[in-house]
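**Q** Encoded as C-alpha cells, here's the structure I'll be asking about.
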2 protein chains.
Amino acid sequence: MNLSMTIAHTRTAPNHPGFVPVAPRTGRLRPLGLDEVRITAGFWSQRQSVNHQHTLAHIGHWEEREGWIANFDLAANGGLPEGRRGREFSDSEIYKYLEALAWEIGRTGDDGLEAAFRDAVGRVARAQEPDGYLNTNFGRTGQAPRWSDLEWGHELYCFGHLFQAAVARARTRPDADDGLLTIARRAADLVCDVFGPEGIPSVCGHAEIETALAELARVTGEERYLQQAALFVERRGTGTLRQIEWGQQYFQDDMPVRQADVLRGHAVRANYLSAGAVDVAVDTGDEELLSALVRQWQNTVARRTYITGGQGSHHQDEAFGADWVLPPDRAYSETCAAVASVMFTWRLLLARGDAEYGDLIERTLYNVIATSPSSSGTSFYYANTLHQRTPGVVAAAETVSPRASSSLRAPWFEVSCCPPNVARTLASLDALVATTDPEGLQLHQFAACTIDTQLDDGQPVAVDVETDYPRSGSIRITATRNATAPWTLSIRVPRWAGQAELTVTTAAGEVSTTRADAGWATVRRAFQTGDVVELLLPMRPRLTHPDPRIDAVRGCVAVERGPEVYCLESVDLRDAGNAAIADVADVRLDATAPVGEQDGRPVVRLVAAAAESQEGRAWPYAERSLEPMPSTSFDVPLIPYHEWAERGPSTMRVWMPVLFNQPDRE
Amino acid sequence: MNLSMTIAHTRTAPNHPGFVPVAPRTGRLRPLGLDEVRITAGFWSQRQSVNHQHTLAHIGHWEEREGWIANFDLAANGGLPEGRRGREFSDSEIYKYLEALAWEIGRTGDDGLEAAFRDAVGRVARAQEPDGYLNTNFGRTGQAPRWSDLEWGHELYCFGHLFQAAVARARTRPDADDGLLTIARRAADLVCDVFGPEGIPSVCGHAEIETALAELARVTGEERYLQQAALFVERRGTGTLRQIEWGQQYFQDDMPVRQADVLRGHAVRANYLSAGAVDVAVDTGDEELLSALVRQWQNTVARRTYITGGQGSHHQDEAFGADWVLPPDRAYSETCAAVASVMFTWRLLLARGDAEYGDLIERTLYNVIATSPSSSGTSFYYANTLHQRTPGVVAAAETVSPRASSSLRAPWFEVSCCPPNVARTLASLDALVATTDPEGLQLHQFAACTIDTQLDDGQPVAVDVETDYPRSGSIRITATRNATAPWTLSIRVPRWAGQAELTVTTAAGEVSTTRADAGWATVRRAFQTGDVVELLLPMRPRLTHPDPRIDAVRGCVAVERGPEVYCLESVDLRDAGNAAIADVADVRLDATAPVGEQDGRPVVRLVAAAAESQEGRAWPYAERSLEPMPSTSFDVPLIPYHEWAERGPSTMRVWMPVLFNQPDRE
C-alpha cells in the first residue's frame, strides 16, 4: 500500500460523523466511531470494564468529596469565593469526567452513568454567567479578575475540556436535551469575542483549547471556532506570556509552532498544543504547519521518549529534558503526557497514514496508559518511573496525595488530572483500533473486536477480529460481509516485530501465506463472508539496547515482548529463592544467556552481584572498579511493566545492568 | 596520632577568640583565626585576590542595582511595601555581603571595604524597629504579618545571616563602633522572646539561625541564645511546619535531628541545620546528638555526594535525591549547598579531629566553591552540572538570571544566595587551613601560608608553608620559632593520595624520610627555626570508578589529579584536530591506555565513536547494541572542572564512557 505523504483527499465533515473523538475535515484516513468499532474481549476490554465499573464512580466520588463539583453549586448560589476548594484548574477535572462519561454512555448506554452525567451537567449549567463565562476561580469579588493570569490561571484550558466534553456528548447523543453543547457554544462565543483578532492578543499558559475549539467547529459547523483555534496556534511562540523561571518554553511560547524542531517544555502542554495544531493544519489545508508537526513528532520520538512511550523527564517543570536526558529513576513520564501524546499521534496518523504512528500509540497505551491505573481501577500513577529504588510507602486509601510525590499508586491527587484523563482515553479507546480510506480498512491496534462500517464509495465493510494479543501474536480477521468490489485490508506490522507472517484462508478453503515487513501487511480482494486473514507476530521476548547517547542507561538492557515492556520487580527476586538478593540493585543480567519464557513471561538469567555493604565504603568513588564480583546465577521471570506494584511495596527496574567482563578489576 | 572519637576536652570560650568563623566551646581541635593563619600565595590566594578586587564590589553593585539594599532605606522612610524589590529573603543577601566584607576587612584592613561596610550597616540599622524586629518583607500594613509564613517567609533565616555578619564583625573588629552587634543582639532577644519555650513552638522553614544563634552566644556570652538554638534544633523534625508538595523532609521537619540517618530534603537547609546542630551539641555536651550528626555525614558522603563534593541532585526541590541518585547531567549541586557542607564538615572536624573531614572540605573547595565563580569573579554558577550536553547561551552581562536556568555562569540571579556565599567563604578561607590541639598543630588544607599561634600551654608555634599545590604535591613546612618543648606537627594525608612521603630535614641538616598512609602524617619534636618537614603527595592523574549503584554513570570513569576533578570540554576536542568529533558525546575513553600528562594536565586516549546521525534513527532502542563502532583514537588534554566554560560555549563531561569490547554487536 502506498500511503502518500501529502494530504490526499478532502472530506466535508458530516454533522454527525459517528461516535468519533476526532473528526478532521481532511486527511489520509477516516476515523471510525465507537458505533463502528467495538472492542469485545481481551486486554483492553478488561481495562474498559474496570473503567466502567470502578474508575468512573471513583472519580465522581473524589470530585464530590474534594468539593470540586460543589464549587459549581457555590458559584450558582453566591458561595464563592469563600467556600471554593481545589486548585485553580479543578473545574477541568469535572469536564474530563463528563467527557469520559459521555464516551462511556455512548459505548454502553448505561443508565446509571447517564444519570450521573445529567446531574453534573446541571450543576455546571447553573454556574454559567449571562455572558457565557464559566469558571469557579475567577471574576467574582474577592477573586482575581477574568483573564488576569493567562500564564497560570488555566481559564482557557478549562474551557477546552468543557468543549471536549460537549463534543463527546454531541457525537454520541446528538439529540440529547442536557444543554451541554449550548453551554460550550456560549463559552466559545465569549472566547472568540475576547481573544479574537481584535481582542486580547495572547494565549493560555496551558494549551488545550486549540484542539477543543477545532473539534467544536467540526461538531457545530461554526467556522469562527476554527479560526480562533488557528489564531491561538499562530500566537503561540510569539512571547505573549510572561517570562518565568523555567523559560517561556515551559508553555511553548518560546518559538512559533511552525518553526520548532522538537517538543519542549511541559510535556502535556506540548502534546495538547501539537494535537490542536494538527487539527488546525488539516482543517485549513496548512501543509507547512503539518510538516512542522511531523518533524517535531519524529525528533521527539527519536530523542526524547522513554522506551515505554512516556515523555517528559523533568520533575521540576513536568517537562521534556534536553535530547537524550531520559533517566529511568527520575523519569517523570506523566500519565497525562501519554494521553496527550496519543492525541497528537492519532491526529498525525489520520493525516498521514503512516504505520509508525500506530507503533507509538500501541507502545504508549500498553506501557503508560495501562500502567497508571491499578488493576482495581481506583488508584493511579501520576508519574511513571522506570526504576524504583526504595520500596516506598503505600498511601492511605482515603488520602489525597501530592501530585507526584510517591511512586506508588494513589487514589487521588491535589492535581488530579491523570485519573479522568485515563478514564476518557479508555472510554473512547475503540476509536483508535481502525480507520478506512478510499481503498479499504486499516487495522492499527490489535484487540478482539467487531468492525462494521462503509467505505467512501458506500460499500459496506465488516470484520470480526479475534485475538488474545498481547498474550499471543495471532490476530485473526474474519470478513462478515460479502464485498461488492475488491477492497484492501491493511494491518499494521509493528516495528518491534521486524516481520510478520500473513495467512489468507478463503471461505472456499484456499490458503496462501506471505511475509510482510514492518509497516503494512495488505490483502486486497473482494472479501467474502468467512474469508480469514491471520497476522502472526513474533512474540519471543527480546533484549533491547538503548542509544548510547541516553547516558542514564548505559550498560543496561531492557526486555520486551510484543508491545509490552517488562521489568524486574523485587518480589520476583525474593520468590526466586535468593534470600540474600532482595533488591533489584544487586543483580546483573547475563546477556549471553538466551531469554527464556515461562507461562508467557520472559525469564532472564541473573547473576547475584551485591555491592559491598554500604557501611563498608566511606566514599563511593575509587581507583579500582567497584563493580561487585558476580556469584551465583539464577533465573527470574519478569512481569509486564504495567503490572508492577500490585504485590506490595517493592523495588523495580526496567533497564537492567548487563554483566560485563571486568578487565579493570585489580 | 590517636584522635579520640569522643569530645576530648572542654575550653571556655574567650571573649575574643581571634578572627575565627567558628569558635566551639568544646572539641578535639581548636580553630585558628585569620590573624593566626594567613594564606600568602598560590591557588587560593589568587582566588581571594579576585574576591577582594572584583567580587565584593560586584555584589555591592548588584544588591544596590536590584534595590535590595534600598529596601532598608524604604523601611526607614515609610516607603514599604510599595517600593520593595526582590524576593522575600533578599535581606539575607545584604547580611551575607556584610559578613564577607567583615572577614575581608579583618584579613586585609581595606579602608574602601570598611567604608562600604559602614554605609550598609547604617542603612540596615535605620530599618530596625523599636522592638528589635528587622525585615523589609513582613509586618507592615500591606505586608504579611510577622511570623505568618514560617515555611517560606525566611524571617528567622534572614536573622541568622544578620547574626553571622555581626559575629564576623565582632571577632575581627571587637572595638568597632558601627553598632552591628547591637542590632543583632536586639533582634536575637526578640527571637528568644517570640520563639522561646513559651513562645511560638515552631522553627524556620530554612534552617540557618541555629548556627548563628550559637555563634552569637559564643561572642556575647549570652546563654539564652544557645538555649534558643538548642530549642530550634530539638523542635525540628516534630512536624511543626505545614505539609508541602515535596514533603516535610524538604525542610528537615520529617524526623528529629537525632534520629535521622542521612541528610535529606533541601541540601542547603539540611547542611545549615546540621552545622547548627553540631554547634549545639558541642556547646551543650550532647554526645548523642553529635554522634547522630557524624552518622548522617558519613552516610551522606558515602551515598549522596557527587565526586566533586557537590550535594543535592534534584532541580525540583533543590534537594538530595535517594541514595545513589547522582545524575551528572541533571546534577543540581548548588553552590550554596557546598558552602553549607563545608560549614557542617568543618564543625565535625573541630569536634572529632578526623582527617576525612578535611578530605571532603578539600574536594568541595576545589571542585564546587572554586567552580562557581568565573576567573573574573563576576559571574557564577548557581547549580554545578557535571555534564553539559548543549553549548548553552551566554547570559547578557547585565541580566538577572533565573536561579538555575543556565549552565553558564551568570552575573546575578533572582535568587542570588550563591555569590555572597562564595565571597564570605573565600574571605574566611584561611581559617580552614590549620588547627591546634594540646599536642600541637594540624595542617588540614595545603596552601602557601604563614601560621603563628600558640598551643594551649602557651608555647608559641609558628611555621611557614610553601607549596604551589595543587600544581605540585610538595608541601614544605618550615618552623619559624624555636620550641621550648616537643610538639606534634600533623599533616593530613588525603584519602585520594593513598600514601605520602614525609621528609624531615632539621636545621642541623639531618634528613629522615618515612611514608604515611591516608589519615595523618605526624612529626613530633622540639622544632627549631629552620627545621623543614616536606610532605610529598603523588600527583599522577588517576582514573576513578563510580560505585555501580550510581546507575547514572555506569560504564564511565572520571579523571582526577590531586584534589582536582578533571573534565573533558569540547573546546579541547576541537583543538585536538578532529573536526568531525566536536562533541563530548561522540568519544569513548580507552581505559587500557595509561593517562598521560602534559603541562600538568592529564591527557587521555579517546576513541572517536560518533553515534549514527540523529536523523537516521527513528527510535532510540533496538535489538542490537547501538554502541557506535569506534574509529580513530587520539589524545586530548583534560582541564580542571573548576576551569571549564571559560572559553566560550561548549559541551563538557566529567564522567567519560569507557570503550568496551562489543560482544553484543551483530
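Ligands are numbered from 1 in the order shown, residues from 1 within each chain, and chains are lettered A, B, ... in the order they appear in the C-alpha cells.
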Show which residues sit within 12 Å of His161 (chain A), as a compact mmCIF listing (two decimals) with N, CA, C and O atoms, in the first residue's frame. Count only C-alpha atoms, and ignore same-chain residues fewer than 2 positions away.

**A**
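Written out: out_11.txt:
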# COMPACT_ATOMS: atom_id res chain seq x y z
N PHE A 89 -7.47 25.02 38.60
CA PHE A 89 -7.93 24.35 37.38
C PHE A 89 -8.86 23.18 37.69
O PHE A 89 -9.07 22.32 36.83
N SER A 90 -9.40 23.13 38.91
CA SER A 90 -10.18 21.94 39.27
C SER A 90 -11.44 21.79 38.42
O SER A 90 -11.91 20.67 38.22
N ASP A 91 -11.99 22.88 37.90
CA ASP A 91 -13.15 22.76 37.00
C ASP A 91 -12.89 21.76 35.87
O ASP A 91 -13.78 21.01 35.46
N SER A 92 -11.65 21.79 35.39
CA SER A 92 -11.34 20.95 34.22
C SER A 92 -11.51 19.47 34.53
O SER A 92 -11.80 18.68 33.63
N GLU A 93 -11.29 19.10 35.80
CA GLU A 93 -11.41 17.67 36.13
C GLU A 93 -12.86 17.21 36.02
O GLU A 93 -13.13 16.06 35.65
N ILE A 94 -13.78 18.11 36.32
CA ILE A 94 -15.19 17.76 36.16
C ILE A 94 -15.50 17.60 34.67
O ILE A 94 -16.23 16.68 34.26
N TYR A 95 -14.92 18.48 33.84
CA TYR A 95 -15.19 18.37 32.41
C TYR A 95 -14.60 17.09 31.82
O TYR A 95 -15.20 16.46 30.95
N LYS A 96 -13.42 16.71 32.29
CA LYS A 96 -12.84 15.46 31.77
C LYS A 96 -13.66 14.25 32.22
O LYS A 96 -13.83 13.28 31.49
N TYR A 97 -14.17 14.37 33.44
CA TYR A 97 -15.08 13.32 33.94
C TYR A 97 -16.32 13.25 33.07
O TYR A 97 -16.77 12.17 32.66
N LEU A 98 -16.88 14.41 32.73
CA LEU A 98 -18.05 14.45 31.84
C LEU A 98 -17.72 13.84 30.48
O LEU A 98 -18.53 13.09 29.91
N GLU A 99 -16.54 14.18 29.98
CA GLU A 99 -16.18 13.62 28.67
C GLU A 99 -16.09 12.10 28.74
O GLU A 99 -16.61 11.38 27.87
N ALA A 100 -15.44 11.61 29.81
CA ALA A 100 -15.33 10.15 29.97
C ALA A 100 -16.71 9.52 30.06
O ALA A 100 -16.99 8.48 29.43
N ASN A 135 -16.29 29.82 35.15
CA ASN A 135 -15.08 29.38 35.84
C ASN A 135 -15.28 29.69 37.31
O ASN A 135 -15.64 30.82 37.66
N HIS A 154 -5.29 29.04 33.81
CA HIS A 154 -5.94 27.87 33.20
C HIS A 154 -7.40 28.12 32.81
O HIS A 154 -8.15 27.15 32.65
N GLU A 155 -7.83 29.36 32.62
CA GLU A 155 -9.24 29.56 32.26
C GLU A 155 -9.57 28.97 30.89
O GLU A 155 -10.57 28.26 30.72
N LEU A 156 -8.72 29.27 29.90
CA LEU A 156 -8.98 28.75 28.55
C LEU A 156 -8.77 27.24 28.51
O LEU A 156 -9.46 26.52 27.78
N TYR A 157 -7.84 26.77 29.29
CA TYR A 157 -7.62 25.32 29.41
C TYR A 157 -8.89 24.65 29.92
O TYR A 157 -9.33 23.63 29.37
N CYS A 158 -9.49 25.22 30.94
CA CYS A 158 -10.73 24.64 31.46
C CYS A 158 -11.83 24.66 30.40
O CYS A 158 -12.56 23.68 30.23
N PHE A 159 -11.93 25.77 29.69
CA PHE A 159 -12.91 25.82 28.59
C PHE A 159 -12.65 24.71 27.58
O PHE A 159 -13.58 24.09 27.05
N PHE A 163 -15.32 22.07 26.26
CA PHE A 163 -15.71 21.88 24.86
C PHE A 163 -15.55 20.41 24.46
O PHE A 163 -16.38 19.86 23.74
N GLN A 164 -14.47 19.81 24.91
CA GLN A 164 -14.26 18.40 24.55
C GLN A 164 -15.37 17.51 25.11
O GLN A 164 -15.81 16.55 24.45
N ALA A 165 -15.81 17.84 26.33
CA ALA A 165 -16.92 17.07 26.90
C ALA A 165 -18.19 17.26 26.05
O ALA A 165 -18.92 16.30 25.76
N ALA A 166 -18.42 18.50 25.66
CA ALA A 166 -19.61 18.79 24.85
C ALA A 166 -19.54 18.11 23.49
O ALA A 166 -20.55 17.62 22.97
N VAL A 167 -18.34 18.07 22.92
CA VAL A 167 -18.17 17.40 21.63
C VAL A 167 -18.45 15.91 21.78
O VAL A 167 -19.15 15.30 20.96
N ALA A 168 -17.91 15.32 22.83
CA ALA A 168 -18.13 13.88 23.05
C ALA A 168 -19.63 13.60 23.17
O ALA A 168 -20.15 12.63 22.62
N ALA A 184 -21.30 25.03 26.05
CA ALA A 184 -19.99 25.14 25.40
C ALA A 184 -20.00 26.23 24.34
O ALA A 184 -19.05 27.01 24.23
N ALA A 187 -19.83 29.65 25.85
CA ALA A 187 -18.47 29.94 26.33
C ALA A 187 -17.52 30.18 25.17
O ALA A 187 -16.68 31.09 25.20
N ALA A 188 -17.67 29.38 24.13
CA ALA A 188 -16.78 29.53 22.98
C ALA A 188 -17.01 30.87 22.28
O ALA A 188 -16.06 31.51 21.80
N HIS A 206 -1.57 27.02 29.44
CA HIS A 206 -1.69 25.57 29.21
C HIS A 206 -2.54 25.35 27.97
O HIS A 206 -3.74 25.50 27.98
N ALA A 207 -1.87 24.97 26.89
CA ALA A 207 -2.58 24.68 25.65
C ALA A 207 -3.61 23.57 25.90
O ALA A 207 -3.41 22.70 26.73
N GLU A 208 -4.69 23.63 25.18
CA GLU A 208 -5.75 22.61 25.26
C GLU A 208 -6.96 23.10 24.48
O GLU A 208 -7.62 22.36 23.79
N ILE A 209 -7.21 24.42 24.58
CA ILE A 209 -8.41 24.94 23.94
C ILE A 209 -8.29 24.87 22.42
O ILE A 209 -9.32 24.85 21.72
N GLU A 210 -7.08 24.80 21.90
CA GLU A 210 -6.90 24.81 20.45
C GLU A 210 -7.60 23.60 19.81
O GLU A 210 -8.40 23.73 18.89
N THR A 211 -7.26 22.42 20.32
CA THR A 211 -7.88 21.22 19.75
C THR A 211 -9.37 21.18 20.03
O THR A 211 -10.17 20.74 19.21
N ALA A 212 -9.75 21.71 21.19
CA ALA A 212 -11.16 21.68 21.58
C ALA A 212 -11.99 22.60 20.69
O ALA A 212 -13.11 22.25 20.28
N LEU A 213 -11.46 23.78 20.39
CA LEU A 213 -12.19 24.70 19.50
C LEU A 213 -12.31 24.11 18.10
O LEU A 213 -13.36 24.25 17.45
N GLU A 215 -12.46 20.97 17.28
CA GLU A 215 -13.49 19.93 17.31
C GLU A 215 -14.88 20.54 17.45
O GLU A 215 -15.85 20.04 16.87
N LEU A 216 -14.99 21.60 18.23
CA LEU A 216 -16.29 22.24 18.39
C LEU A 216 -16.76 22.83 17.06
O LEU A 216 -17.95 22.79 16.73
N TYR A 272 -0.67 18.59 23.86
CA TYR A 272 -2.00 19.15 23.60
C TYR A 272 -1.92 20.22 22.51
O TYR A 272 -2.75 20.28 21.60
N CYS A 417 -5.35 15.48 37.46
CA CYS A 417 -5.64 15.42 36.03
C CYS A 417 -5.60 14.00 35.49
O CYS A 417 -6.30 13.67 34.53
N PRO A 420 -9.06 11.19 35.52
CA PRO A 420 -10.07 11.36 34.47
C PRO A 420 -9.50 11.32 33.05
O PRO A 420 -10.21 10.99 32.10
N ASN A 421 -8.22 11.64 32.91
CA ASN A 421 -7.62 11.56 31.59
C ASN A 421 -7.50 10.11 31.13
O ASN A 421 -7.74 9.79 29.96
N ARG A 424 -11.16 8.94 30.25
CA ARG A 424 -11.72 9.33 28.94
C ARG A 424 -11.01 8.61 27.81
O ARG A 424 -11.60 8.34 26.76

**Q** Contacts from chain A to chain B, 6 Å maximum, only C-alpha atoms: show me the residue list as a PyMOL selection string.

**A** chain A and resi 245+302+315-316+402+543-548+552+618-623+625-627

**Q** If you keep N, CA and C atoms, can you produce a file of those selected residues as a PDB file, in the first residue's frame?

**A**
ATOM      1  N   GLU A 245      10.527  31.370  35.552  1.00  0.00           N
ATOM      2  CA  GLU A 245      11.823  30.797  35.935  1.00  0.00           C
ATOM      3  C   GLU A 245      12.274  29.690  34.992  1.00  0.00           C
ATOM      4  N   ALA A 302      12.451  10.180  18.445  1.00  0.00           N
ATOM      5  CA  ALA A 302      13.810   9.664  18.258  1.00  0.00           C
ATOM      6  C   ALA A 302      14.733   9.998  19.422  1.00  0.00           C
ATOM      7  N   HIS A 315      11.090  16.377  36.720  1.00  0.00           N
ATOM      8  CA  HIS A 315      10.117  16.580  37.784  1.00  0.00           C
ATOM      9  C   HIS A 315       9.866  18.069  37.990  1.00  0.00           C
ATOM     10  N   GLN A 316      10.904  18.853  37.914  1.00  0.00           N
ATOM     11  CA  GLN A 316      10.809  20.262  38.260  1.00  0.00           C
ATOM     12  C   GLN A 316       9.676  20.973  37.538  1.00  0.00           C
ATOM     13  N   PRO A 402       0.155  14.422  47.200  1.00  0.00           N
ATOM     14  CA  PRO A 402       0.791  15.405  46.329  1.00  0.00           C
ATOM     15  C   PRO A 402       0.919  14.800  44.944  1.00  0.00           C
ATOM     16  N   LEU A 543      15.792  -8.806  23.923  1.00  0.00           N
ATOM     17  CA  LEU A 543      16.613  -7.834  24.648  1.00  0.00           C
ATOM     18  C   LEU A 543      16.676  -6.559  23.835  1.00  0.00           C
ATOM     19  N   THR A 544      16.554  -5.451  24.507  1.00  0.00           N
ATOM     20  CA  THR A 544      16.569  -4.169  23.811  1.00  0.00           C
ATOM     21  C   THR A 544      17.674  -3.285  24.370  1.00  0.00           C
ATOM     22  N   HIS A 545      18.439  -2.719  23.444  1.00  0.00           N
ATOM     23  CA  HIS A 545      19.576  -1.869  23.826  1.00  0.00           C
ATOM     24  C   HIS A 545      19.238  -0.407  23.584  1.00  0.00           C
ATOM     25  N   PRO A 546      19.719   0.463  24.449  1.00  0.00           N
ATOM     26  CA  PRO A 546      19.430   1.890  24.266  1.00  0.00           C
ATOM     27  C   PRO A 546      20.475   2.574  23.387  1.00  0.00           C
ATOM     28  N   ASP A 547      20.067   3.630  22.763  1.00  0.00           N
ATOM     29  CA  ASP A 547      21.033   4.510  22.111  1.00  0.00           C
ATOM     30  C   ASP A 547      22.057   4.964  23.152  1.00  0.00           C
ATOM     31  N   PRO A 548      23.337   4.884  22.824  1.00  0.00           N
ATOM     32  CA  PRO A 548      24.353   5.216  23.839  1.00  0.00           C
ATOM     33  C   PRO A 548      24.327   6.680  24.275  1.00  0.00           C
ATOM     34  N   ALA A 552      21.991   7.698  30.830  1.00  0.00           N
ATOM     35  CA  ALA A 552      21.479   7.201  32.112  1.00  0.00           C
ATOM     36  C   ALA A 552      21.265   5.691  32.137  1.00  0.00           C
ATOM     37  N   ALA A 618      33.292   4.252  52.639  1.00  0.00           N
ATOM     38  CA  ALA A 618      33.053   5.618  53.107  1.00  0.00           C
ATOM     39  C   ALA A 618      32.874   6.596  51.960  1.00  0.00           C
ATOM     40  N   TRP A 619      33.385   6.224  50.785  1.00  0.00           N
ATOM     41  CA  TRP A 619      33.372   7.130  49.640  1.00  0.00           C
ATOM     42  C   TRP A 619      33.095   6.307  48.401  1.00  0.00           C
ATOM     43  N   PRO A 620      32.116   6.698  47.585  1.00  0.00           N
ATOM     44  CA  PRO A 620      31.658   5.792  46.527  1.00  0.00           C
ATOM     45  C   PRO A 620      32.424   5.897  45.203  1.00  0.00           C
ATOM     46  N   TYR A 621      33.649   6.404  45.250  1.00  0.00           N
ATOM     47  CA  TYR A 621      34.453   6.522  44.033  1.00  0.00           C
ATOM     48  C   TYR A 621      35.845   5.969  44.363  1.00  0.00           C
ATOM     49  N   ALA A 622      36.416   5.213  43.444  1.00  0.00           N
ATOM     50  CA  ALA A 622      37.668   4.535  43.779  1.00  0.00           C
ATOM     51  C   ALA A 622      38.530   4.340  42.541  1.00  0.00           C
ATOM     52  N   GLU A 623      39.814   4.077  42.764  1.00  0.00           N
ATOM     53  CA  GLU A 623      40.736   3.886  41.635  1.00  0.00           C
ATOM     54  C   GLU A 623      40.549   2.539  40.962  1.00  0.00           C
ATOM     55  N   SER A 625      37.809  -0.611  39.818  1.00  0.00           N
ATOM     56  CA  SER A 625      36.385  -0.802  39.544  1.00  0.00           C
ATOM     57  C   SER A 625      35.696  -1.279  40.803  1.00  0.00           C
ATOM     58  N   LEU A 626      34.564  -0.704  41.082  1.00  0.00           N
ATOM     59  CA  LEU A 626      33.800  -1.108  42.249  1.00  0.00           C
ATOM     60  C   LEU A 626      32.703  -2.105  41.873  1.00  0.00           C
ATOM     61  N   GLU A 627      32.696  -2.495  40.624  1.00  0.00           N
ATOM     62  CA  GLU A 627      31.699  -3.482  40.188  1.00  0.00           C
ATOM     63  C   GLU A 627      31.874  -4.743  41.035  1.00  0.00           C
TER      64      GLU A 627
END

**Q** Please provide the set of residues having any atom within 12 Å of Glu398 (chain B), restricted to only C-alpha atoms, with same-chain residues fewer than 2 positions apart removed, written as a list in words.

**A**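 In the requested form, the answer reads His58, His61, Trp62, Arg65, Glu66, Thr378, Ser379, Val394, Ala395, Ala396, Val400, Ser401, Ala410, Pro411, Trp412 and Phe413 of chain B.
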
**Q** One decimal, in Å: what's the spacing between CA of Leu350 (chain B) and CA of Arg30 (chain B)?

**A**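 About the pair CA of Leu350 (chain B) and CA of Arg30 (chain B): they are 6.6 Å apart.
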
**Q** Based on the backbone DSSP call, show me all residues of region 244-435 of chain B assigned helix (DSSP H, G or I), as a VMD selection string.

**A** chain B and resid 248 to 251 257 to 259 267 to 284 287 to 303 335 to 352 355 to 369 418 to 427 429 to 432

**Q** So that I have them on file, write out the residues from the current selection with C-alpha atoms, as a CSV table (one decimal), in the first residue's frame.

**A**
chain,number,residue,atom,x,y,z
B,248,GLN,CA,8.2,17.8,55.2
B,249,GLN,CA,11.7,16.4,54.6
B,250,TYR,CA,12.2,19.4,52.3
B,251,PHE,CA,12.8,21.5,55.5
B,257,VAL,CA,17.7,15.5,64.1
B,258,ARG,CA,19.0,13.0,66.5
B,259,GLN,CA,17.0,10.2,64.8
B,267,ALA,CA,20.5,20.4,50.5
B,268,VAL,CA,21.4,23.9,51.8
B,269,ARG,CA,18.8,23.7,54.6
B,270,ALA,CA,20.0,20.2,55.6
B,271,ASN,CA,23.6,21.3,55.9
B,272,TYR,CA,22.9,24.6,57.6
B,273,LEU,CA,20.8,22.7,60.1
B,274,SER,CA,23.5,20.1,60.7
B,275,ALA,CA,26.1,22.8,61.2
B,276,GLY,CA,23.9,24.4,63.8
B,277,ALA,CA,23.2,21.1,65.5
B,278,VAL,CA,26.9,20.4,65.8
B,279,ASP,CA,27.3,23.8,67.4
B,280,VAL,CA,24.6,23.0,69.9
B,281,ALA,CA,25.9,19.5,70.5
B,282,VAL,CA,29.5,20.6,71.3
B,283,ASP,CA,28.4,23.6,73.4
B,284,THR,CA,25.9,21.6,75.5
B,287,GLU,CA,27.3,13.4,72.6
B,288,GLU,CA,24.2,11.6,71.4
B,289,LEU,CA,23.3,14.4,69.1
B,290,LEU,CA,26.9,14.7,67.9
B,291,SER,CA,27.0,11.0,67.1
B,292,ALA,CA,23.8,11.3,65.1
B,293,LEU,CA,25.3,14.0,63.0
B,294,VAL,CA,28.5,12.1,62.4
B,295,ARG,CA,26.4,9.2,61.2
B,296,GLN,CA,24.4,11.4,58.9
B,297,TRP,CA,27.6,12.9,57.5
B,298,GLN,CA,29.1,9.5,56.8
B,299,ASN,CA,26.0,8.2,55.1
B,300,THR,CA,25.6,11.3,53.1
B,301,VAL,CA,29.2,11.3,51.9
B,302,ALA,CA,29.0,7.6,51.1
B,303,ARG,CA,25.8,7.6,49.1
B,335,THR,CA,27.0,26.3,45.2
B,336,CYS,CA,25.4,27.2,48.5
B,337,ALA,CA,25.0,23.5,49.4
B,338,ALA,CA,28.7,23.2,49.0
B,339,VAL,CA,29.3,26.2,51.3
B,340,ALA,CA,26.9,24.7,53.8
B,341,SER,CA,28.6,21.3,53.6
B,342,VAL,CA,31.9,22.9,54.3
B,343,MET,CA,30.4,24.6,57.3
B,344,PHE,CA,28.9,21.3,58.6
B,345,THR,CA,32.1,19.4,57.9
B,346,TRP,CA,34.4,21.9,59.5
B,347,ARG,CA,32.4,21.8,62.7
B,348,LEU,CA,32.7,18.0,62.8
B,349,LEU,CA,36.4,18.3,62.1
B,350,LEU,CA,36.8,20.6,65.1
B,351,ALA,CA,34.7,18.3,67.2
B,352,ARG,CA,36.2,14.9,66.2
B,355,ALA,CA,41.3,13.7,58.6
B,356,GLU,CA,38.3,12.6,56.5
B,357,TYR,CA,36.5,15.8,57.2
B,358,GLY,CA,39.4,17.7,55.7
B,359,ASP,CA,39.2,15.4,52.7
B,360,LEU,CA,35.7,16.4,51.9
B,361,ILE,CA,36.4,20.1,52.6
B,362,GLU,CA,39.3,20.0,50.2
B,363,ARG,CA,37.3,18.2,47.5
B,364,THR,CA,34.4,20.6,47.9
B,365,LEU,CA,36.6,23.7,47.9
B,366,TYR,CA,38.4,22.8,44.7
B,367,ASN,CA,35.5,21.4,42.8
B,368,VAL,CA,32.5,23.3,43.7
B,369,ILE,CA,33.4,26.5,45.6
B,418,CYS,CA,25.4,31.9,45.8
B,419,PRO,CA,27.6,34.9,45.0
B,420,PRO,CA,27.8,36.3,48.6
B,421,ASN,CA,28.0,32.8,50.0
B,422,VAL,CA,31.1,32.2,47.9
B,423,ALA,CA,32.5,35.6,48.9
B,424,ARG,CA,32.2,35.0,52.6
B,425,THR,CA,33.8,31.6,52.2
B,426,LEU,CA,36.8,32.9,50.3
B,427,ALA,CA,37.2,35.8,52.7
B,429,LEU,CA,39.2,30.6,54.0
B,430,ASP,CA,42.5,31.0,55.9
B,431,ALA,CA,40.7,29.7,59.0
B,432,LEU,CA,40.2,26.3,57.3

**Q** How many Å separate CA of Gly179 (chain A) from CA of Ala217 (chain A)?

**A**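 Those two atoms sit 17.0 Å apart.
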
**Q** Give the answer as one residue: which of A:Asn71, A:Thr385, A:Thr108, A:Gln143 has the shortest atom-to-atom distance to Ala120 (chain A), using only C-alpha atoms?

**A**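 Of A:Asn71, A:Thr385, A:Thr108, A:Gln143, the one nearest Ala120 (chain A) is A:Asn71, counting only C-alpha atoms.
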
**Q** Please identify all polymer residues within 6 Å of Ala516 (chain B), counting only C-alpha atoms, omitting same-chain residues fewer than 2 positions from it, and present them as JSON, numbers by chain.

**A** {"B": [499, 500, 521]}

**Q** Please indicate the distance in Å from CA of Ser512 (chain A) to CA of Gly353 (chain A), rounded to one decimal place.

**A**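 The value is 26.7 Å.
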
**Q** Name all residues at most 10 Å from Ser148 (chain A) (count only C-alpha atoms; drop same-chain ones fewer than 4 positions away) and give them as a ChimeraX atom specification.

**A** /A:138-139,144,152-153,155
